[in-house]
Amino acid sequence: MSTIRNFCIVAHIDHGKSTLADRLLEFTGAVTKREMKAQLLDDMDLEREKGITIKAHAIQMKYLSKKRNILYTFNLIDTPGHVDFTYEVSRSLAACEGAILIIDASQGVEAQTISNLYLAIDAGLEIVPVVNKIDLPAADIPMAKGEAISLIGCAEEDIIAVSAKEGIGIEELLEQIIDKVPPPKEAIENPLKALIFDSTFDAFRGAIAYIRVFEGTLKKGDKIKSYATGKAYYADEIGVLGLKRVPTEILVAGEVGYIIGNIKEVADTKVGDTLTHVDRPATEPIEGYKEVKPMVFAGVYPTNSDDFEDLRASLDKLSLNDGSLFYEPDTSAALGFGFRCGFLGLLHMEIIQERLTREYNMDIITTVPNVEYMVYTIDGKVTKVDNPAHLANPSSIEHIEEPFIKAQIITPEEYIGAIMQLCIDRRGEWLNTHYIGASRVDMTFYLPLGEVIFDFYDKLKSISRGYASFDYEVHGYRPSHVIKLDIMLNGEIVDALSMIVHRDKAYDWGRKLTGKLKDLIPRQMFEIAVQASVGSKVIARETIKAMRKNVLAKCYGGDISRKRKLLEKQKEGKKRMKQVGNVEIPQEAFLAVLSMDDK
Amino acid sequence: MADLLSKPGGRYGAYFHIPFCDTKCVYCDFYSLTNHDQAVRFYAALKNEISLRLKSDPVESPLSSIFFGGGTPSLAKPVDLGDCIRILGDQVQISSEAEITLEANPGTLTPEKLDSLLNQGFNRISMGVQSFSESDLKFLSRIHSADTAKKAVNDAASAGFTNISIDLIFGLPGQTAEAWTENLQQAILLPISHISCYNLIVEEKTPLFNWVNSGKVQVPDDDHNSELYDITIRFLRENGFNQYEVSNFCKPGRASVHNSTYWSWDPWLAFGPSAHGFNGQSRYKNFRNLGKYIDNIEKGNLPEEDRESLDQKTIINEKLMLGVRTTEGVTITSIWTHLKPDEANNLRKKLDRFEKKGYLNWSDSFLKATPEGLRFGDFLAEELFIDPVV
């Protein structure tokens, strides 16, 4: 019987997944204390800062069970923990036979716990329930256990109480993994079937695919092909994943490892794809492969139009290790040449923005994000529109459909009313409410995705004092009365500020947006009219008064250098503004709508 | 000679910083100390600094101005200040027309002291009145009253000072247009030839900064400050005071020679802790720490903390910045040869554009602000600056 165990960890954000992963690695000696940086599996700076595992990784550890005196091989496959990456999570889960379910002893079950758990159950995984953070003063172990029991119907004694932070219960958990998680199926003789569950990009080696071999045997040098792309290449290097890559000659059914071929782009190593031999192909791929589709779109423009080519090069490089980033050249009357980018979600967009800024030193302007609309014109055509500037003339539109999601919100019961109100404000349709445990509920809504991508999550957190959690899945398109809202500065439409909003909200948005822009755009040497309009009708107006004085004393006492440096610095700051017509607009104005308060 | 002193390029000043004050005002971030224990050692050091400074930064032309600022230099014994002037005069020529100014706190001046100051060679008094409203003065923690201020100005005139300036501050918390106008009205009734009106700046590391930050005190917004500034310019013009710099107004021919030195890119010597100087090529500053300042001089060292030799780009930007801050302007003849053709073209285009708008006047040899342009000095400087060489 195989001594391999492949598993992942399912948890809500901040419930201690990374810490538990660290402890397992430390306990099994896969990593020495000295090598241990906190949250080892998250190796991008951003991940560590945001505390979110953005890209999945995997690591192998050897565990000698004292009880059995057998050496086991564990492959821990890390999964991203955010709604933007549901598909990636599902593929990581598909590479496993079991999942550790973490429930925070003080917080209990949250939306991501449930949504990821369902994904794990759907993937047929054996669940190993764990209550974590039992060392915390606020820990309520019986409550957390109770919620786990009602969630997965396990016996109380099956739930292991651990403190990943303090290292309590780790050995018991390792033994449980051996007992509970089924060993991989024996299928070495079959034609090769290997699942790509993740990929990364190495500047020297090209794309590296992380794979789980389900059937057959993969040897170094084998000629293999992808089911999704049809492309064939040689397995130049294969191996297993320790703290670093460890090359091997062979990977057999049940094993987890990596493959390096002459693959240039990560986009060619599609998550969910199946690899098989060219000579002796499997008859069918592993189920569940999907093309990843962007859900949120925004314009990304260089602040300085001379940097367009640099931005292109940066996006090219970024996309080498982010196959889900979609981008194509676009132009804006206001912002010049740039790109229309598609993202998996708002977090994904934020990550790309930050990586462009930090890793590639790009000075960029991002426009208001929006979803993709289906526009049915009277001539019977259907067009996908992801850029408000491209929305056809209203008279030629028959109707427009917008994407909806099925949202799951888990909250203490006292916030039901406020959350119901929030969802209704966002044009939501309530489906049902279930109690989980004595005082917490699981609410389900249909919501327009376009209403969620702005500040829904922040609002939800604030009205529930941080207790409510949220997850969603895509739920198709529905007809909707959406219209284009334009913003004019001194009578000229700034296309990059246009947005598509529901008809009933246009007035409200127009008023708020002009108000916000009035605050964000600094006074200039002339008066600026900020107007919101729908079609030719102006629905809101604010005026930015002309600057009447722009000089501070300061040159007294002869400190000329200080004054000059101060003004030079201010000038640098000004350069980051975008000149549209003769009005200088700061970068943050283009995202004004994201920071708009509802009140 | 007098003619030469009033032109950019012809001036050479000397500044003495006297760091002692009776109390520290809530808005002030100049270097000052309320502990006067080191005063004797300080004056000895200050006098010794003169030769050290002149060795490092020799002066060929006669000095056109001497200015004692602070702190509260009027707290000093007139003879200590007079000694400084005499020691300086022994080592470098002081023009017979030189403007010699004492910055004074009205509460520290008596008729006797004023006589004595005249005898020591002072011919100009710049008085820190700040406001004629008692509540403003109390808020600013000034040690004098409005009546004391008026009396001090009148006493100075009686003693024989014909060149008297006062400082006022506008944009104080709660200050209405009426209250400010009343201040100006009081000012012009006095025998003065020069007024500086500063918009209150909330400087970091001052009590005022903390009050504003904690919401304890609210300062007027930009609109209100602009209105007060408008009032200032109009009122003073109507009463015979012309604006020649962002915050400075004078009767004809009474512009401050010393301050004009700073603003016209002319050189000056600097003495005393935290003082800034300029020798025509480099700018330097002394330690902003009395102990360090004195120790260095006692060891025979120049008490200099930092010195920056100006590169061409810095010189150009300084001149552009200063040029748009005064109606006298600066000479810019030399800058063109240091600009690349496209930089020069660009600059000329911008200068033309702002000239058309009425903010400045320029030719290849000079740049100066119009009265309208003075109110946009920072904006114009930022627009005109040359980018650093990459």
# chains A, B, ... in the order shown; residues from 1 in each chain; ligands from 1

call {"tool": "closest_atom_pairs", "arguments": {"of": "chain A", "to": "chain B", "cutoff": "6 Å", "atoms": "only C-alpha atoms", "output": "tab-separated table"}}
result
residue	atom	partner	partner_atom	distance
A:Lys549	CA	B:Arg375	CA	5.0
A:Asn550	CA	B:Phe376	CA	4.5
A:Val551	CA	B:Asp378	CA	4.7
A:Gly558	CA	B:Tyr262	CA	5.8
A:Leu567	CA	B:Glu382	CA	6.0
A:Lys571	CA	B:Glu382	CA	5.2

call {"tool": "write_last_selection", "arguments": {"atoms": "N, CA and C atoms", "output": "mmCIF file, in the first residue's frame"}}
result
data_model
loop_
_atom_site.group_PDB
_atom_site.id
_atom_site.type_symbol
_atom_site.label_atom_id
_atom_site.label_comp_id
_atom_site.auth_asym_id
_atom_site.auth_seq_id
_atom_site.Cartn_x
_atom_site.Cartn_y
_atom_site.Cartn_z
ATOM 1 N N LYS A 549 -4.286 82.164 -4.728
ATOM 2 C CA LYS A 549 -3.027 82.450 -4.066
ATOM 3 C C LYS A 549 -2.297 81.130 -3.972
ATOM 4 N N ASN A 550 -1.083 81.106 -4.407
ATOM 5 C CA ASN A 550 -0.295 79.886 -4.252
ATOM 6 C C ASN A 550 1.129 80.289 -3.958
ATOM 7 N N VAL A 551 1.324 80.750 -2.754
ATOM 8 C CA VAL A 551 2.663 81.134 -2.344
ATOM 9 C C VAL A 551 2.705 81.134 -0.831
ATOM 10 N N GLY A 558 16.812 83.401 4.873
ATOM 11 C CA GLY A 558 17.773 83.037 3.846
ATOM 12 C C GLY A 558 17.922 81.559 3.573
ATOM 13 N N LEU A 567 9.824 73.070 -3.145
ATOM 14 C CA LEU A 567 9.070 73.316 -4.373
ATOM 15 C C LEU A 567 9.400 72.281 -5.448
ATOM 16 N N LYS A 571 6.833 69.812 -7.300
ATOM 17 C CA LYS A 571 6.751 69.692 -8.755
ATOM 18 C C LYS A 571 6.766 68.213 -9.156
#

call {"tool": "select_by_dssp", "arguments": {"residues": "range 49-282 of chain B", "states": "strand (DSSP E)", "output": "PDB file with N, CA and C atoms, in the first residue's frame"}}
result
ATOM      1  N   LEU B  63      30.197  95.958   2.274  1.00  0.00           N
ATOM      2  CA  LEU B  63      28.915  95.408   2.717  1.00  0.00           C
ATOM      3  C   LEU B  63      27.823  96.468   2.566  1.00  0.00           C
ATOM      4  N   SER B  64      26.678  96.018   2.042  1.00  0.00           N
ATOM      5  CA  SER B  64      25.575  96.950   1.823  1.00  0.00           C
ATOM      6  C   SER B  64      24.527  96.855   2.915  1.00  0.00           C
ATOM      7  N   SER B  65      24.575  95.762   3.723  1.00  0.00           N
ATOM      8  CA  SER B  65      23.597  95.653   4.811  1.00  0.00           C
ATOM      9  C   SER B  65      24.123  94.749   5.910  1.00  0.00           C
ATOM     10  N   ILE B  66      23.667  95.045   7.112  1.00  0.00           N
ATOM     11  CA  ILE B  66      23.916  94.158   8.254  1.00  0.00           C
ATOM     12  C   ILE B  66      22.575  93.994   8.947  1.00  0.00           C
ATOM     13  N   PHE B  67      22.278  92.766   9.330  1.00  0.00           N
ATOM     14  CA  PHE B  67      20.974  92.494   9.918  1.00  0.00           C
ATOM     15  C   PHE B  67      21.159  91.616  11.137  1.00  0.00           C
ATOM     16  N   PHE B  68      20.611  92.059  12.264  1.00  0.00           N
ATOM     17  CA  PHE B  68      20.622  91.230  13.464  1.00  0.00           C
ATOM     18  C   PHE B  68      19.224  90.659  13.657  1.00  0.00           C
ATOM     19  N   GLY B  69      19.121  89.317  13.526  1.00  0.00           N
ATOM     20  CA  GLY B  69      17.820  88.675  13.672  1.00  0.00           C
ATOM     21  C   GLY B  69      17.870  87.624  14.757  1.00  0.00           C
ATOM     22  N   GLY B  70      16.747  86.972  15.000  1.00  0.00           N
ATOM     23  CA  GLY B  70      16.775  85.987  16.081  1.00  0.00           C
ATOM     24  C   GLY B  70      15.582  85.075  16.066  1.00  0.00           C
ATOM     25  N   ILE B  94      32.537  98.415   5.239  1.00  0.00           N
ATOM     26  CA  ILE B  94      31.079  98.543   5.330  1.00  0.00           C
ATOM     27  C   ILE B  94      30.723  99.852   4.643  1.00  0.00           C
ATOM     28  N   SER B  95      29.858  99.772   3.669  1.00  0.00           N
ATOM     29  CA  SER B  95      29.472 100.975   2.934  1.00  0.00           C
ATOM     30  C   SER B  95      28.902 102.019   3.894  1.00  0.00           C
ATOM     31  N   SER B  96      29.202 103.272   3.629  1.00  0.00           N
ATOM     32  CA  SER B  96      28.666 104.332   4.487  1.00  0.00           C
ATOM     33  C   SER B  96      27.153 104.412   4.367  1.00  0.00           C
ATOM     34  N   GLU B  97      26.621 103.864   3.285  1.00  0.00           N
ATOM     35  CA  GLU B  97      25.169 103.860   3.070  1.00  0.00           C
ATOM     36  C   GLU B  97      24.516 102.581   3.585  1.00  0.00           C
ATOM     37  N   ALA B  98      25.304 101.725   4.180  1.00  0.00           N
ATOM     38  CA  ALA B  98      24.781 100.399   4.523  1.00  0.00           C
ATOM     39  C   ALA B  98      23.548 100.492   5.416  1.00  0.00           C
ATOM     40  N   GLU B  99      22.612  99.592   5.147  1.00  0.00           N
ATOM     41  CA  GLU B  99      21.408  99.473   5.967  1.00  0.00           C
ATOM     42  C   GLU B  99      21.758  98.543   7.132  1.00  0.00           C
ATOM     43  N   ILE B 100      21.624  99.046   8.359  1.00  0.00           N
ATOM     44  CA  ILE B 100      21.969  98.215   9.519  1.00  0.00           C
ATOM     45  C   ILE B 100      20.726  98.074  10.392  1.00  0.00           C
ATOM     46  N   THR B 101      20.176  96.851  10.374  1.00  0.00           N
ATOM     47  CA  THR B 101      18.861  96.614  10.966  1.00  0.00           C
ATOM     48  C   THR B 101      18.944  95.799  12.238  1.00  0.00           C
ATOM     49  N   LEU B 102      18.108  96.155  13.182  1.00  0.00           N
ATOM     50  CA  LEU B 102      17.919  95.331  14.371  1.00  0.00           C
ATOM     51  C   LEU B 102      16.479  94.837  14.385  1.00  0.00           C
ATOM     52  N   GLU B 103      16.327  93.520  14.511  1.00  0.00           N
ATOM     53  CA  GLU B 103      14.998  92.954  14.686  1.00  0.00           C
ATOM     54  C   GLU B 103      14.671  93.138  16.158  1.00  0.00           C
ATOM     55  N   ALA B 104      13.517  93.727  16.446  1.00  0.00           N
ATOM     56  CA  ALA B 104      13.259  94.080  17.841  1.00  0.00           C
ATOM     57  C   ALA B 104      11.878  93.637  18.276  1.00  0.00           C
ATOM     58  N   ARG B 124      18.080 101.161  11.143  1.00  0.00           N
ATOM     59  CA  ARG B 124      16.780 100.601  10.780  1.00  0.00           C
ATOM     60  C   ARG B 124      16.326  99.659  11.899  1.00  0.00           C
ATOM     61  N   ILE B 125      15.023  99.725  12.206  1.00  0.00           N
ATOM     62  CA  ILE B 125      14.449  98.834  13.213  1.00  0.00           C
ATOM     63  C   ILE B 125      13.326  98.052  12.547  1.00  0.00           C
ATOM     64  N   SER B 126      13.350  96.731  12.757  1.00  0.00           N
ATOM     65  CA  SER B 126      12.253  95.905  12.245  1.00  0.00           C
ATOM     66  C   SER B 126      11.544  95.321  13.450  1.00  0.00           C
ATOM     67  N   MET B 127      10.320  95.779  13.661  1.00  0.00           N
ATOM     68  CA  MET B 127       9.656  95.439  14.900  1.00  0.00           C
ATOM     69  C   MET B 127       8.628  94.325  14.736  1.00  0.00           C
ATOM     70  N   GLY B 128       8.745  93.309  15.570  1.00  0.00           N
ATOM     71  CA  GLY B 128       7.816  92.177  15.515  1.00  0.00           C
ATOM     72  C   GLY B 128       6.543  92.493  16.262  1.00  0.00           C
ATOM     73  N   VAL B 129       5.671  93.255  15.638  1.00  0.00           N
ATOM     74  CA  VAL B 129       4.426  93.646  16.295  1.00  0.00           C
ATOM     75  C   VAL B 129       3.421  92.493  16.225  1.00  0.00           C
ATOM     76  N   GLN B 130       3.288  91.897  15.062  1.00  0.00           N
ATOM     77  CA  GLN B 130       2.420  90.739  14.753  1.00  0.00           C
ATOM     78  C   GLN B 130       0.929  91.068  14.744  1.00  0.00           C
ATOM     79  N   ILE B 164      11.743 102.528   9.732  1.00  0.00           N
ATOM     80  CA  ILE B 164      11.159 101.577  10.690  1.00  0.00           C
ATOM     81  C   ILE B 164      10.207 100.645   9.956  1.00  0.00           C
ATOM     82  N   SER B 165      10.353  99.386  10.258  1.00  0.00           N
ATOM     83  CA  SER B 165       9.473  98.379   9.661  1.00  0.00           C
ATOM     84  C   SER B 165       8.735  97.662  10.773  1.00  0.00           C
ATOM     85  N   ILE B 166       7.522  97.207  10.475  1.00  0.00           N
ATOM     86  CA  ILE B 166       6.858  96.315  11.442  1.00  0.00           C
ATOM     87  C   ILE B 166       6.417  95.040  10.733  1.00  0.00           C
ATOM     88  N   ASP B 167       6.351  93.952  11.518  1.00  0.00           N
ATOM     89  CA  ASP B 167       5.832  92.664  11.032  1.00  0.00           C
ATOM     90  C   ASP B 167       4.424  92.477  11.562  1.00  0.00           C
ATOM     91  N   LEU B 168       3.541  92.021  10.685  1.00  0.00           N
ATOM     92  CA  LEU B 168       2.201  91.625  11.125  1.00  0.00           C
ATOM     93  C   LEU B 168       1.933  90.213  10.593  1.00  0.00           C
ATOM     94  N   ILE B 169       1.056  89.497  11.288  1.00  0.00           N
ATOM     95  CA  ILE B 169       0.690  88.150  10.825  1.00  0.00           C
ATOM     96  C   ILE B 169      -0.805  88.120  10.542  1.00  0.00           C
ATOM     97  N   PHE B 170      -1.172  87.594   9.386  1.00  0.00           N
ATOM     98  CA  PHE B 170      -2.608  87.395   9.126  1.00  0.00           C
ATOM     99  C   PHE B 170      -2.901  85.903   8.969  1.00  0.00           C
ATOM    100  N   HIS B 194       7.900 100.685   6.162  1.00  0.00           N
ATOM    101  CA  HIS B 194       7.972  99.319   5.631  1.00  0.00           C
ATOM    102  C   HIS B 194       7.071  98.414   6.464  1.00  0.00           C
ATOM    103  N   ILE B 195       6.329  97.526   5.820  1.00  0.00           N
ATOM    104  CA  ILE B 195       5.519  96.543   6.552  1.00  0.00           C
ATOM    105  C   ILE B 195       5.722  95.160   5.935  1.00  0.00           C
ATOM    106  N   SER B 196       5.926  94.167   6.781  1.00  0.00           N
ATOM    107  CA  SER B 196       5.902  92.777   6.327  1.00  0.00           C
ATOM    108  C   SER B 196       4.624  92.155   6.847  1.00  0.00           C
ATOM    109  N   CYS B 197       3.828  91.566   5.943  1.00  0.00           N
ATOM    110  CA  CYS B 197       2.598  90.899   6.371  1.00  0.00           C
ATOM    111  C   CYS B 197       2.698  89.435   5.995  1.00  0.00           C
ATOM    112  N   TYR B 198       2.869  88.594   6.999  1.00  0.00           N
ATOM    113  CA  TYR B 198       3.059  87.170   6.751  1.00  0.00           C
ATOM    114  C   TYR B 198       1.781  86.403   7.005  1.00  0.00           C
ATOM    115  N   ASN B 199       1.452  85.531   6.070  1.00  0.00           N
ATOM    116  CA  ASN B 199       0.348  84.609   6.303  1.00  0.00           C
ATOM    117  C   ASN B 199       0.855  83.559   7.285  1.00  0.00           C
ATOM    118  N   ASN B 242       3.955 100.000  -1.477  1.00  0.00           N
ATOM    119  CA  ASN B 242       3.944  99.124  -2.642  1.00  0.00           C
ATOM    120  C   ASN B 242       4.475  97.749  -2.291  1.00  0.00           C
ATOM    121  N   GLN B 243       3.836  96.758  -2.860  1.00  0.00           N
ATOM    122  CA  GLN B 243       4.300  95.394  -2.637  1.00  0.00           C
ATOM    123  C   GLN B 243       5.523  95.158  -3.512  1.00  0.00           C
ATOM    124  N   TYR B 244       6.620  94.744  -2.910  1.00  0.00           N
ATOM    125  CA  TYR B 244       7.795  94.433  -3.728  1.00  0.00           C
ATOM    126  C   TYR B 244       8.238  92.993  -3.577  1.00  0.00           C
ATOM    127  N   GLU B 245       7.619  92.286  -2.629  1.00  0.00           N
ATOM    128  CA  GLU B 245       7.880  90.861  -2.445  1.00  0.00           C
ATOM    129  C   GLU B 245       6.597  90.249  -1.923  1.00  0.00           C
ATOM    130  N   ASN B 248       6.072  91.571   1.519  1.00  0.00           N
ATOM    131  CA  ASN B 248       6.717  92.819   1.928  1.00  0.00           C
ATOM    132  C   ASN B 248       6.267  94.035   1.135  1.00  0.00           C
ATOM    133  N   PHE B 249       6.056  95.118   1.883  1.00  0.00           N
ATOM    134  CA  PHE B 249       5.473  96.341   1.342  1.00  0.00           C
ATOM    135  C   PHE B 249       6.280  97.522   1.860  1.00  0.00           C
ATOM    136  N   CYS B 250       6.481  98.540   1.011  1.00  0.00           N
ATOM    137  CA  CYS B 250       7.282  99.667   1.489  1.00  0.00           C
ATOM    138  C   CYS B 250       6.879 100.973   0.823  1.00  0.00           C
ATOM    139  N   TRP B 268      25.708  86.895   1.011  1.00  0.00           N
ATOM    140  CA  TRP B 268      25.770  87.486   2.342  1.00  0.00           C
ATOM    141  C   TRP B 268      26.546  86.565   3.284  1.00  0.00           C
ATOM    142  N   LEU B 269      27.106  87.194   4.302  1.00  0.00           N
ATOM    143  CA  LEU B 269      27.820  86.464   5.351  1.00  0.00           C
ATOM    144  C   LEU B 269      26.821  86.068   6.423  1.00  0.00           C
ATOM    145  N   ALA B 270      27.087  84.961   7.090  1.00  0.00           N
ATOM    146  CA  ALA B 270      26.184  84.561   8.161  1.00  0.00           C
ATOM    147  C   ALA B 270      26.971  84.250   9.420  1.00  0.00           C
ATOM    148  N   PHE B 271      26.458  84.732  10.544  1.00  0.00           N
ATOM    149  CA  PHE B 271      27.086  84.495  11.848  1.00  0.00           C
ATOM    150  C   PHE B 271      26.019  84.074  12.846  1.00  0.00           C
ATOM    151  N   HIS B 276      22.117  81.008   8.038  1.00  0.00           N
ATOM    152  CA  HIS B 276      22.403  80.552   6.678  1.00  0.00           C
ATOM    153  C   HIS B 276      23.146  81.639   5.918  1.00  0.00           C
ATOM    154  N   GLY B 277      24.174  81.256   5.166  1.00  0.00           N
ATOM    155  CA  GLY B 277      24.915  82.227   4.372  1.00  0.00           C
ATOM    156  C   GLY B 277      25.116  81.759   2.948  1.00  0.00           C
ATOM    157  N   PHE B 278      25.608  82.675   2.114  1.00  0.00           N
ATOM    158  CA  PHE B 278      25.800  82.384   0.691  1.00  0.00           C
ATOM    159  C   PHE B 278      26.947  83.242   0.189  1.00  0.00           C
ATOM    160  N   SER B 282      28.532  78.907  -3.009  1.00  0.00           N
ATOM    161  CA  SER B 282      27.968  77.855  -2.165  1.00  0.00           C
ATOM    162  C   SER B 282      27.154  78.465  -1.028  1.00  0.00           C
TER     163      SER B 282
END

call {"tool": "atom_distance", "arguments": {"atom1": "CA of Lys461 in chain A", "atom2": "CA of Cys423 in chain A"}}
result
13.0 Å

call {"tool": "residues_around", "arguments": {"residues": "Leu81 in chain B", "least_positions_apart": "6", "cutoff": "9 Å", "atoms": "only C-alpha atoms", "output": "PDB file with C-alpha atoms, in the first residue's frame"}}
result
ATOM      1  CA  TYR B  43      28.732  86.917  22.379  1.00  0.00           C
ATOM      2  CA  PHE B  68      20.622  91.230  13.464  1.00  0.00           C
ATOM      3  CA  PRO B  73      18.334  90.531  19.367  1.00  0.00           C
ATOM      4  CA  LEU B 117      21.322 101.593  19.324  1.00  0.00           C
ATOM      5  CA  GLN B 120      26.113 101.788  17.863  1.00  0.00           C
TER       6      GLN B 120
END

call {"tool": "residues_around", "arguments": {"residues": "Asp330 in chain A", "least_positions_apart": "3", "cutoff": "12 Å", "atoms": "only C-alpha atoms", "output": "PyMOL selection string"}}
result
chain A and resi 298-302+308+312+327+333-341+386-387+389-390+496

call {"tool": "residues_around", "arguments": {"residues": "range 521-523 of chain A", "least_positions_apart": "2", "cutoff": "10 Å", "atoms": "only C-alpha atoms", "output": "PyMOL selection string"}}
result
chain A and resi 516-519+525-528+530+544-548+550+577+583-589

call {"tool": "residues_around", "arguments": {"residues": "Ser314 in chain A", "least_positions_apart": "5", "cutoff": "10 Å", "atoms": "only C-alpha atoms", "output": "PDB file with C-alpha atoms, in the first residue's frame"}}
result
ATOM      1  CA  PHE A 308       3.559  52.921 -22.873  1.00  0.00           C
ATOM      2  CA  GLU A 309       6.117  50.448 -24.233  1.00  0.00           C
ATOM      3  CA  SER A 319       1.667  37.531 -17.509  1.00  0.00           C
ATOM      4  CA  LEU A 320       4.514  35.030 -17.831  1.00  0.00           C
ATOM      5  CA  ARG A 355       3.153  44.451  -8.607  1.00  0.00           C
ATOM      6  CA  LEU A 356       3.355  46.837 -11.548  1.00  0.00           C
ATOM      7  CA  THR A 357       4.153  49.659  -9.188  1.00  0.00           C
ATOM      8  CA  GLU A 359       8.247  45.216  -8.941  1.00  0.00           C
ATOM      9  CA  TYR A 360       8.261  47.017 -12.245  1.00  0.00           C
ATOM     10  CA  ASN A 361       8.458  50.602 -11.000  1.00  0.00           C
ATOM     11  CA  MET A 362       5.635  51.667 -13.256  1.00  0.00           C
TER      12      MET A 362
END
